[in-house]
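Since the structure comes first, as structure tokens, the remarks are kept for the end.
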Amino acid sequence: MKGEYCIAGASFLSFVALLLLIFVHVGQINTSTVPHGISMATANVSGYGEALYQAFKDPIQGLYTDNTSSPLGYRTGLRQQYQFGLYSYCAYVNNSAGQCSNHTIPARFQPYIAITSDMLLNYSQYSDYIFADTTFMNSSYLGTNAHIAYFFLLLGTILAALSLFTGVLRKTVLFFLSATLSILSALFILIGAAIWTSIVMKAESVNAMQLAQGIMSGIEVSYGNGIYLIWAAFACLAASIVPYMISCCTFRG
């Protein structure tokens, strides 16, 4: 019976990990309820216009749009919030209404490009001057690391699925294989989660940036809940390794 309990526990943990990773992969693929609610990172730019006005004392006109049907990347105006997923990003004029970019595999995390491509040219030129030499503007660094992290997460997801499916076949040798797959999956997920955590932390430096004395940038970057889901999936996979190993020794089928 001990082996049976271990099998059930390991399978449950593997299933939960796989489910969490699937949710991460669908984040921001469109604006429907579930994808809209999951992101890897968020950039709130609702205060940028006011920050520009306070810093330069010039009227800020045409910086934002409230047209939810305007395509992204065509300088039709900033949205209030940008949310980034593994395959695309979406921009929202309010808590629910917005547009998503084209899907790419993988989408690079480049918040500065996403934001400035919606601005009128004069505002994007101001922004180039303001954010020069910052990590937030370093789209090559952020995008390349997100690209690398994606493939670790993809491989980790595939291995998590294989670990779950081999574990339910109830053969001693397959329990050992499931344990091995769980170890590899947890390792890949750990690396992917660590990279994403690092690059979002780097991008968050814009939060403390000042446009002038006492005037903050008005842009706030933060972790999305997708990163927390990835860390939770890693914990589940790591926890599943022990019961799979115990099953190798105790199961008699």
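To be explicit about the labels: the chains of the structure tokens are called A, B, and onward in the order shown, and within each one the residues are counted from 1, while ligands get numbers from 1 in the order they are shown.
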Polymer residues at most 9 Å from Leu155 of chain A, only C-alpha atoms, same-chain spacing of 4 or more positions, as a PyMOL selection string
chain A and resi 150-151+159-160+185+188-189
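Non-sequential neighbours of Ala203 of chain A (distance at most 10 Å, separation of 3 or more positions within a chain, only C-alpha atoms) are Ala41, Ala43, Gln110, Pro111, Tyr112, Thr134, Thr135, Phe136, Met137, Asn138, Ser139, Leu142, Ser198, Ile199, Val200, Val206, Asn207, Glu220, Val221, Ser222 and Tyr223 of chain A.
Within segment 8-61 of chain A, residues classed as strand (DSSP E or B) by DSSP on backbone coordinates are Ala41, Thr42, Ala43 and Asn44 of chain A.
Distances here use only C-alpha atoms; by that measure, the residue among A:Tyr244, A:Ser14, A:Ser217, A:Met119 closest to Ala51 of chain A is A:Ser217.
Minimum atom-to-atom distances from A:Ala132, A:Leu78, A:Gly214, A:His147 to Tyr48 of chain A were compared using only C-alpha atoms, and the lowest value belongs to A:Leu78.
The nearest approach to Gln54 of chain A among the residues A:Gln81, A:Ile246, A:Asn225, A:Met216, with only C-alpha atoms taken into account, belongs to A:Met216.
Shortest atom-to-atom contact with Val242 of chain A among A:Phe176, A:Tyr74, A:Tyr141, A:Phe165: A:Phe176, counting only C-alpha atoms.
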Please provide as number ranges by chain all residues within 12 Å of Asn30 of chain A, with the sequence filter that same-chain residues fewer than 2 positions apart are discarded (counting only C-alpha atoms).
A: 25-28, 32-39, 83-92, 96-103
Show me, as a ChimeraX atom specification, the residues that have an atom within 10 Å of Ser178 of chain A when counting only C-alpha atoms, minus same-chain residues fewer than 6 positions from it.
/A:10-11,14,159-168,172,184,240-241,244-245,248
Store the residues picked out above in a file with N, CA and C atoms, as a PDB file, in the first residue's frame.
```pdb
ATOM      1  N   ALA A  10       2.810  11.232  -6.182  1.00  0.00           N
ATOM      2  CA  ALA A  10       3.703  11.710  -7.234  1.00  0.00           C
ATOM      3  C   ALA A  10       2.923  12.111  -8.478  1.00  0.00           C
ATOM      4  N   SER A  11       1.940  11.303  -8.847  1.00  0.00           N
ATOM      5  CA  SER A  11       1.126  11.603 -10.023  1.00  0.00           C
ATOM      6  C   SER A  11       0.348  12.907  -9.827  1.00  0.00           C
ATOM      7  N   SER A  14       2.794  15.830 -10.147  1.00  0.00           N
ATOM      8  CA  SER A  14       3.163  16.018 -11.552  1.00  0.00           C
ATOM      9  C   SER A  14       2.026  16.652 -12.342  1.00  0.00           C
ATOM     10  N   LEU A 159       8.864  17.544 -20.494  1.00  0.00           N
ATOM     11  CA  LEU A 159       9.363  16.495 -19.600  1.00  0.00           C
ATOM     12  C   LEU A 159       8.404  16.248 -18.437  1.00  0.00           C
ATOM     13  N   ALA A 160       7.746  17.305 -17.969  1.00  0.00           N
ATOM     14  CA  ALA A 160       6.753  17.131 -16.896  1.00  0.00           C
ATOM     15  C   ALA A 160       5.592  16.267 -17.380  1.00  0.00           C
ATOM     16  N   ALA A 161       5.170  16.490 -18.630  1.00  0.00           N
ATOM     17  CA  ALA A 161       4.086  15.675 -19.195  1.00  0.00           C
ATOM     18  C   ALA A 161       4.519  14.221 -19.339  1.00  0.00           C
ATOM     19  N   LEU A 162       5.737  14.004 -19.811  1.00  0.00           N
ATOM     20  CA  LEU A 162       6.249  12.633 -19.964  1.00  0.00           C
ATOM     21  C   LEU A 162       6.373  11.943 -18.609  1.00  0.00           C
ATOM     22  N   SER A 163       6.804  12.691 -17.607  1.00  0.00           N
ATOM     23  CA  SER A 163       6.928  12.132 -16.262  1.00  0.00           C
ATOM     24  C   SER A 163       5.575  11.675 -15.737  1.00  0.00           C
ATOM     25  N   LEU A 164       4.560  12.486 -15.965  1.00  0.00           N
ATOM     26  CA  LEU A 164       3.213  12.126 -15.517  1.00  0.00           C
ATOM     27  C   LEU A 164       2.695  10.888 -16.229  1.00  0.00           C
ATOM     28  N   PHE A 165       2.856  10.841 -17.542  1.00  0.00           N
ATOM     29  CA  PHE A 165       2.297   9.739 -18.323  1.00  0.00           C
ATOM     30  C   PHE A 165       3.028   8.418 -18.085  1.00  0.00           C
ATOM     31  N   THR A 166       4.348   8.478 -17.913  1.00  0.00           N
ATOM     32  CA  THR A 166       5.083   7.238 -17.635  1.00  0.00           C
ATOM     33  C   THR A 166       4.804   6.735 -16.224  1.00  0.00           C
ATOM     34  N   GLY A 167       4.521   7.667 -15.294  1.00  0.00           N
ATOM     35  CA  GLY A 167       4.274   7.268 -13.913  1.00  0.00           C
ATOM     36  C   GLY A 167       2.973   6.521 -13.722  1.00  0.00           C
ATOM     37  N   VAL A 168       1.974   6.790 -14.559  1.00  0.00           N
ATOM     38  CA  VAL A 168       0.685   6.139 -14.371  1.00  0.00           C
ATOM     39  C   VAL A 168       0.647   4.729 -14.976  1.00  0.00           C
ATOM     40  N   THR A 172       7.849  -0.716 -12.369  1.00  0.00           N
ATOM     41  CA  THR A 172       8.956  -0.255 -11.537  1.00  0.00           C
ATOM     42  C   THR A 172       9.975   0.544 -12.331  1.00  0.00           C
ATOM     43  N   LEU A 184      14.918  16.240 -14.345  1.00  0.00           N
ATOM     44  CA  LEU A 184      15.303  17.078 -15.487  1.00  0.00           C
ATOM     45  C   LEU A 184      14.302  18.211 -15.693  1.00  0.00           C
ATOM     46  N   SER A 240       7.727  15.777  -6.281  1.00  0.00           N
ATOM     47  CA  SER A 240       7.294  14.500  -6.858  1.00  0.00           C
ATOM     48  C   SER A 240       8.433  13.498  -7.015  1.00  0.00           C
ATOM     49  N   ILE A 241       9.664  13.982  -6.955  1.00  0.00           N
ATOM     50  CA  ILE A 241      10.813  13.102  -7.199  1.00  0.00           C
ATOM     51  C   ILE A 241      10.907  12.010  -6.134  1.00  0.00           C
ATOM     52  N   TYR A 244       8.300   9.163  -6.408  1.00  0.00           N
ATOM     53  CA  TYR A 244       8.598   8.328  -7.567  1.00  0.00           C
ATOM     54  C   TYR A 244       9.757   7.372  -7.254  1.00  0.00           C
ATOM     55  N   MET A 245      10.772   7.877  -6.553  1.00  0.00           N
ATOM     56  CA  MET A 245      11.912   7.036  -6.191  1.00  0.00           C
ATOM     57  C   MET A 245      11.495   5.952  -5.203  1.00  0.00           C
ATOM     58  N   CYS A 248       9.838   3.053  -6.863  1.00  0.00           N
ATOM     59  CA  CYS A 248      10.757   2.107  -7.516  1.00  0.00           C
ATOM     60  C   CYS A 248      11.100   0.931  -6.599  1.00  0.00           C
TER      61      CYS A 248
END
```
Set the distance at 6 Å and use only C-alpha atoms: which residues neighbour Gln80 of chain A once local chain neighbours fewer than 4 positions away are removed? I'd like the list as number ranges by chain.
A: 45-46, 92-93
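Neighbours of Ser117 of chain A closer than or equal to 8 Å, with only C-alpha atoms counted and sequence neighbours fewer than 6 positions away skipped, come out as Leu72, Gly73, Tyr74, Arg75 and Ser124 of chain A.
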